[in-house]
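> Structure file model_1.txt (compact mmCIF, C-alpha atoms) is given on the next line.
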# COMPACT_ATOMS: atom_id res chain seq x y z
CA MET A 1 111.57 -8.95 121.21
CA LYS A 2 108.14 -10.47 121.62
CA SER A 3 105.43 -7.78 121.39
CA LYS A 4 102.95 -7.96 124.22
CA ILE A 5 99.82 -6.71 122.47
CA VAL A 6 96.82 -7.17 124.68
CA GLY A 7 93.14 -6.59 123.94
CA PHE A 8 91.34 -4.70 126.68
CA LEU A 9 87.86 -3.56 125.69
CA SER A 10 88.39 -1.84 122.33
CA LEU A 11 91.85 -0.54 123.11
CA ILE A 12 95.13 -2.02 121.96
CA ILE A 13 97.89 -1.57 124.50
CA ILE A 14 101.39 -1.97 123.17
CA LEU A 15 103.76 -2.92 125.95
CA SER A 16 107.51 -2.70 126.23
CA SER A 17 109.37 -5.87 127.31
CA CYS A 18 109.49 -4.57 130.87
CA GLN A 19 105.72 -4.19 131.27
CA LYS A 20 102.80 -6.52 131.80
CA ALA A 21 99.14 -6.15 130.94
CA ILE A 22 96.06 -8.03 131.99
CA VAL A 23 94.19 -9.78 129.20
CA ASN A 24 90.44 -9.30 129.47
CA GLU A 25 89.61 -13.00 129.28
CA PRO A 26 86.20 -14.10 130.63
CA SER A 27 85.97 -16.88 133.16
CA ALA A 28 83.69 -19.83 132.47
CA PHE A 29 83.02 -21.49 135.82
CA THR A 30 81.55 -21.08 139.27
CA LEU A 31 82.36 -23.14 142.36
CA SER A 32 80.29 -22.51 145.48
CA GLU A 33 83.17 -23.39 147.81
CA LEU A 34 85.27 -20.47 146.62
CA SER A 35 85.25 -16.95 148.03
CA LYS A 36 87.93 -14.38 147.29
CA SER A 37 87.20 -12.61 150.57
CA SER A 38 87.55 -15.79 152.58
CA VAL A 39 90.43 -16.17 154.99
CA VAL A 40 90.04 -19.73 156.19
CA SER A 41 92.27 -22.59 157.19
CA LEU A 42 91.56 -25.71 155.18
CA ASN A 43 92.78 -29.05 156.41
CA THR A 44 93.74 -30.35 152.98
CA SER A 45 94.95 -29.17 149.62
CA PRO A 46 92.42 -28.07 147.00
CA SER A 47 90.70 -31.09 145.44
CA ASN A 48 91.29 -32.47 141.98
CA ALA A 49 87.80 -31.20 141.09
CA PHE A 50 88.91 -27.65 141.85
CA TYR A 51 91.73 -27.80 139.30
CA ASP A 52 89.57 -29.59 136.73
CA ASN A 53 86.62 -27.19 136.94
CA ALA A 54 88.13 -23.79 137.75
CA LEU A 55 89.23 -23.14 134.17
CA GLY A 56 91.25 -20.12 133.10
CA GLN A 57 94.53 -18.99 131.60
CA THR A 58 98.10 -18.61 132.90
CA PRO A 59 100.05 -16.54 133.89
CA ILE A 60 98.28 -14.37 136.43
CA ASP A 61 99.10 -11.61 138.88
CA ILE A 62 98.91 -13.21 142.32
CA VAL A 63 97.41 -10.67 144.73
CA THR A 64 98.27 -12.03 148.15
CA LYS A 65 95.52 -10.19 150.04
CA ASN A 66 92.88 -11.92 147.89
CA THR A 67 94.17 -15.45 148.37
CA VAL A 68 92.47 -18.18 150.40
CA LYS A 69 94.73 -19.57 153.12
CA TYR A 70 95.02 -23.31 153.55
CA LYS A 71 97.03 -26.00 155.29
CA GLY A 72 98.22 -29.11 153.51
CA ASN A 73 101.21 -31.12 152.38
CA ASP A 74 100.96 -31.00 148.59
CA PRO A 75 102.99 -30.97 146.52
CA VAL A 76 105.47 -33.41 148.01
CA PHE A 77 108.80 -33.34 146.16
CA HIS A 78 110.70 -36.48 145.21
CA TYR A 79 113.62 -35.02 143.27
CA VAL A 80 117.01 -36.70 142.84
CA SER A 81 120.03 -36.01 140.66
CA PHE A 82 119.88 -37.01 137.00
CA ASP A 83 121.80 -36.42 133.78
CA GLY A 84 119.75 -33.75 132.03
CA ILE A 85 119.51 -33.02 128.31
CA VAL A 86 120.11 -29.29 127.78
CA SER A 87 118.69 -27.77 124.60
CA ASN A 88 118.26 -24.42 122.91
CA ASN A 89 114.51 -24.83 122.58
CA LYS A 90 112.20 -23.25 119.99
CA THR A 91 108.46 -22.74 120.41
CA HIS A 92 106.41 -21.67 117.40
CA TYR A 93 103.44 -19.38 118.03
CA ALA A 94 100.83 -19.40 115.26
CA ALA A 95 98.34 -17.33 117.26
CA ASP A 96 97.34 -16.53 120.81
CA PRO A 97 93.53 -16.56 120.96
CA PHE A 98 93.57 -14.24 123.97
CA ILE A 99 95.55 -11.51 122.21
CA GLU A 100 93.56 -9.23 119.92
CA ILE A 101 96.11 -9.16 117.11
CA PRO A 102 97.91 -12.53 117.02
CA VAL A 103 101.49 -12.37 115.79
CA GLU A 104 103.09 -15.48 114.33
CA HIS A 105 106.61 -15.86 115.64
CA ASP A 106 109.21 -18.14 117.22
CA GLU A 107 110.59 -17.91 120.74
CA TYR A 108 113.69 -19.56 122.18
CA ASN A 109 114.67 -20.57 125.69
CA LEU A 110 116.85 -22.95 127.64
CA LYS A 111 115.19 -26.28 128.39
CA VAL A 112 116.45 -29.23 130.45
CA SER A 113 114.71 -32.53 129.69
CA VAL A 114 114.57 -35.64 131.85
CA PRO A 115 115.39 -38.88 129.96
CA ALA A 116 112.14 -40.67 129.16
CA ALA A 117 113.09 -43.76 131.13
CA ASN A 118 113.76 -41.77 134.30
CA LYS A 119 110.84 -42.12 136.73
CA ASP A 120 112.80 -41.11 139.82
CA ASN A 121 111.83 -37.41 139.74
CA TYR A 122 108.23 -36.67 140.60
CA ILE A 123 105.87 -34.80 142.88
CA THR A 124 102.73 -36.13 144.52
CA ILE A 125 99.45 -34.19 144.63
CA ASN A 126 96.44 -35.68 146.39
CA GLY A 127 98.29 -39.00 146.35
CA THR A 128 98.92 -38.99 142.58
CA LYS A 129 102.43 -39.06 141.14
CA PHE A 130 103.32 -36.40 138.57
CA TYR A 131 106.62 -37.18 136.86
CA LEU A 132 109.07 -34.42 135.96
CA LEU A 133 109.34 -34.16 132.17
CA GLN A 134 111.43 -31.03 131.79
CA PHE A 135 112.07 -27.56 133.13
CA HIS A 136 112.62 -24.39 131.13
CA PHE A 137 113.15 -20.65 131.53
CA HIS A 138 111.29 -17.43 130.75
CA TRP A 139 112.37 -13.82 130.89
CA LEU A 140 110.81 -11.66 132.17
CA SER A 141 108.89 -13.78 134.64
CA GLU A 142 105.44 -14.81 133.48
CA HIS A 143 103.74 -14.66 136.88
CA THR A 144 103.77 -11.50 138.92
CA ILE A 145 103.22 -11.33 142.69
CA ASP A 146 101.38 -8.22 143.86
CA GLY A 147 102.21 -6.68 140.51
CA LYS A 148 105.94 -7.30 140.69
CA ASP A 149 107.84 -9.15 137.96
CA GLY A 150 110.82 -11.42 138.40
CA LEU A 151 113.80 -11.05 136.10
CA MET A 152 113.15 -14.64 135.04
CA GLU A 153 111.00 -17.63 135.92
CA VAL A 154 111.69 -21.35 135.77
CA HIS A 155 108.85 -23.81 135.14
CA PHE A 156 109.00 -27.49 136.15
CA VAL A 157 106.56 -29.45 133.99
CA HIS A 158 105.13 -32.72 135.35
CA GLN A 159 102.69 -35.28 133.99
CA SER A 160 100.76 -38.10 135.67
CA ASP A 161 100.25 -41.54 134.17
CA ALA A 162 96.74 -40.40 133.28
CA GLY A 163 98.12 -37.47 131.27
CA GLN A 164 97.28 -34.70 133.76
CA LEU A 165 99.77 -31.84 133.96
CA SER A 166 101.16 -29.90 136.89
CA VAL A 167 103.69 -27.07 136.75
CA ILE A 168 105.86 -25.57 139.49
CA GLY A 169 106.85 -21.92 138.99
CA VAL A 170 109.84 -20.24 140.66
CA LEU A 171 110.59 -16.56 140.09
CA ILE A 172 114.23 -15.51 139.75
CA GLN A 173 115.42 -12.12 141.01
CA GLY A 174 118.73 -10.25 140.92
CA GLY A 175 121.25 -11.00 143.64
CA GLU A 176 124.27 -13.19 144.20
CA LYS A 177 125.72 -15.57 141.62
CA ASN A 178 123.83 -18.87 141.41
CA LYS A 179 126.22 -21.78 140.91
CA ASN A 180 123.41 -24.18 139.98
CA LEU A 181 122.06 -21.95 137.25
CA GLN A 182 125.62 -21.43 136.05
CA LYS A 183 125.99 -25.16 135.42
CA LEU A 184 123.12 -24.92 132.95
CA PHE A 185 124.12 -21.62 131.36
CA THR A 186 127.67 -22.87 130.79
CA VAL A 187 126.60 -25.90 128.75
CA SER A 188 123.67 -24.26 126.94
CA PRO A 189 123.87 -24.62 123.15
CA LEU A 190 124.48 -21.19 121.67
CA ASN A 191 122.07 -21.56 118.77
CA PHE A 192 118.87 -23.41 117.99
CA GLY A 193 119.78 -26.51 116.02
CA ASP A 194 123.11 -27.06 117.78
CA LEU A 195 123.64 -30.47 119.32
CA ASN A 196 122.09 -30.86 122.75
CA ALA A 197 124.41 -30.85 125.74
CA THR A 198 124.32 -32.86 128.96
CA VAL A 199 124.41 -31.57 132.51
CA ALA A 200 125.60 -34.39 134.78
CA ALA A 201 124.10 -35.28 138.16
CA PHE A 202 121.85 -32.22 138.36
CA ASN A 203 119.31 -32.13 141.18
CA PRO A 204 116.30 -29.88 140.41
CA LEU A 205 115.82 -29.31 144.14
CA ASN A 206 118.72 -26.88 143.82
CA LEU A 207 116.51 -24.55 141.78
CA LEU A 208 113.79 -24.34 144.42
CA PRO A 209 113.84 -21.65 147.14
CA GLU A 210 114.84 -22.58 150.68
CA ASN A 211 111.36 -21.68 151.92
CA ARG A 212 109.18 -24.35 150.30
CA GLN A 213 106.22 -23.92 152.65
CA ASP A 214 105.06 -20.53 151.33
CA TYR A 215 103.48 -20.99 147.92
CA PHE A 216 100.35 -20.38 145.87
CA THR A 217 98.22 -22.84 143.92
CA TYR A 218 95.48 -22.34 141.37
CA SER A 219 93.95 -23.89 138.26
CA GLY A 220 95.56 -22.54 135.11
CA SER A 221 96.81 -23.36 131.64
CA LEU A 222 99.89 -23.88 129.56
CA THR A 223 101.60 -20.60 128.68
CA THR A 224 102.82 -21.90 125.32
CA PRO A 225 101.00 -23.77 122.56
CA GLY A 226 101.22 -27.44 123.46
CA GLY A 227 100.53 -30.90 122.16
CA GLY A 228 99.66 -29.83 118.63
CA LEU A 229 96.27 -28.62 119.86
CA THR A 230 94.43 -26.35 117.47
CA VAL A 231 91.07 -25.73 119.15
CA THR A 232 92.51 -25.07 122.61
CA PRO A 233 96.22 -24.39 122.15
CA TYR A 234 96.62 -23.16 125.74
CA LEU A 235 95.40 -26.27 127.54
CA THR A 236 93.49 -25.52 130.76
CA GLY A 237 92.91 -27.46 133.99
CA LEU A 238 96.58 -27.55 135.00
CA LYS A 239 97.61 -27.71 138.64
CA TRP A 240 99.85 -24.66 139.15
CA PHE A 241 102.10 -24.08 142.18
CA VAL A 242 104.09 -20.84 142.42
CA PHE A 243 106.55 -20.22 145.23
CA LYS A 244 106.36 -16.85 146.95
CA ALA A 245 110.11 -16.74 147.62
CA PRO A 246 112.40 -16.38 144.59
CA ILE A 247 115.82 -17.77 143.82
CA TYR A 248 118.58 -15.43 142.69
CA LEU A 249 121.17 -14.89 140.00
CA SER A 250 123.78 -12.22 139.39
CA ASN A 251 123.46 -9.44 136.85
CA ILE A 252 126.37 -11.00 134.91
CA GLN A 253 124.48 -14.30 134.74
CA TYR A 254 121.28 -12.58 133.66
CA ASN A 255 123.12 -10.86 130.82
CA GLN A 256 124.84 -14.14 129.93
CA TYR A 257 121.46 -15.81 129.52
CA LYS A 258 120.10 -12.92 127.44
CA SER A 259 123.15 -13.00 125.17
CA VAL A 260 122.12 -16.51 124.08
CA TYR A 261 118.34 -15.98 124.29
CA PRO A 262 117.97 -12.28 123.41
CA GLU A 263 114.17 -12.10 123.05
CA ALA A 264 111.84 -12.04 126.05
CA ASN A 265 109.44 -14.99 126.10
CA ALA A 266 106.88 -14.09 128.76
CA ARG A 267 103.21 -14.44 127.94
CA PRO A 268 101.11 -11.47 129.11
CA VAL A 269 99.29 -11.72 132.43
CA GLN A 270 95.75 -13.10 132.03
CA MET A 271 92.54 -12.23 133.85
CA LEU A 272 91.94 -14.28 137.00
CA GLY A 273 88.19 -14.06 136.55
CA ALA A 274 86.23 -16.01 139.17
CA ARG A 275 89.15 -18.28 139.98
CA VAL A 276 90.60 -18.33 143.47
CA VAL A 277 94.28 -18.59 144.34
CA TYR A 278 95.04 -20.66 147.44
CA HIS A 279 97.98 -19.65 149.63
CA HIS A 280 99.87 -22.26 151.67
CA MET A 281 101.97 -20.77 154.45
CA ALA A 282 104.38 -22.34 156.93
CA ASN A 283 102.77 -23.36 160.20
Rewrite the structure from the file as structure tokens, please.

Amino acid sequence: MKSKIVGFLSLIIILSSCQKAIVNEPSAFTLSELSKSSVVSLNTSPSNAFYDNALGQTPIDIVTKNTVKYKGNDPVFHYVSFDGIVSNNKTHYAADPFIEIPVEHDEYNLKVSVPAANKDNYITINGTKFYLLQFHFHWLSEHTIDGKDGLMEVHFVHQSDAGQLSVIGVLIQGGEKNKNLQKLFTVSPLNFGDLNATVAAFNPLNLLPENRQDYFTYSGSLTTPGGGLTVTPYLTGLKWFVFKAPIYLSNIQYNQYKSVYPEANARPVQMLGARVVYHHMAN
């Protein structure tokens, strides 16, 4: 199981797979418009400049009492059914620069990719289209909300024509059987290197919570090394949206997933620093 070894001052805290720690990572920006104590109603979503300039790492603990309330329409979802490519995915970790003792290792998870030619699935943010590339799973959850983990978390990764990234996060908690997740778990390759499978006519809207008006947004990073980057392996400036409401799966399904992907793949919680988390609530 992935060791969550986090530097905090001069101490090394060794965590079990069921615990999270906050990485003492300094923040490198200041925006005059932001105030953690502010409780205001904004007419629009945070600007592109906010995401580009409020740099910091993901995941974070979202503390709802410290969020800035706003009103807006982004992101707008344009999801339709598609034939997804289901893979037993491997990510190689050479080092995490925000962990005091980097450990080189591999992690595995279930990933569903959108065929490259498919441009029908996208979200819009501030009028820009971000096309769905893939979605994948983590256990435990990477984000926490008011200190509480999810059993799992699904991330929907999008990219604009200009190369900007946006990720939607949905926590998964224990509850009733989830027939949509079961479609994916049933066809998942059992081992890395097995042939990819196909899930037919799958609509990613089915993995979003019913309440899609209550969510958080902030500027963050990738949570895995990406793009072959060596100087900044955890690319920053991403537009993150995390739903407050979870989706659910049964205990049997959770154990089924862990039987194929037995090692937890959740990056430790990072310091928020001077960043602000915006909270969109239903009118």
> Quick one, how far is CA of Leu151 in chain A from CA of Asn180 in chain A?
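That distance, rounded to one decimal, is 16.7 Å.
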> Counting only C-alpha atoms, which residues come within 6 Å of (94.4, -25.8, 142.1), with the point read in the file's coordinates, and could you list them as a list in words?
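Final list of nearby residues, as requested, is Pro46, Phe50, Tyr51, Thr217, Tyr218, Ser219 and Lys239 of chain A.
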> Which of these, A:Asn53, A:Asn109, A:Thr91, A:Asn118, has the shortest distance to Val154 in chain A once you count only C-alpha atoms?
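Closest to Val154 in chain A of all the choices is A:Asn109.
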> Nearest to Val114 in chain A among A:Leu222, A:Val260, A:Val157, A:Val76, with distances taken over only C-alpha atoms: which residue is it?
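For Val114 in chain A, the nearest of the candidates is A:Val157.
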> Between A:Phe202, A:Trp139, A:Phe241, A:Phe192, which has the minimum distance to Glu263 in chain A (counting all atoms listed in the file)?
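That would be A:Trp139, the residue with the smallest distance to Glu263 in chain A.
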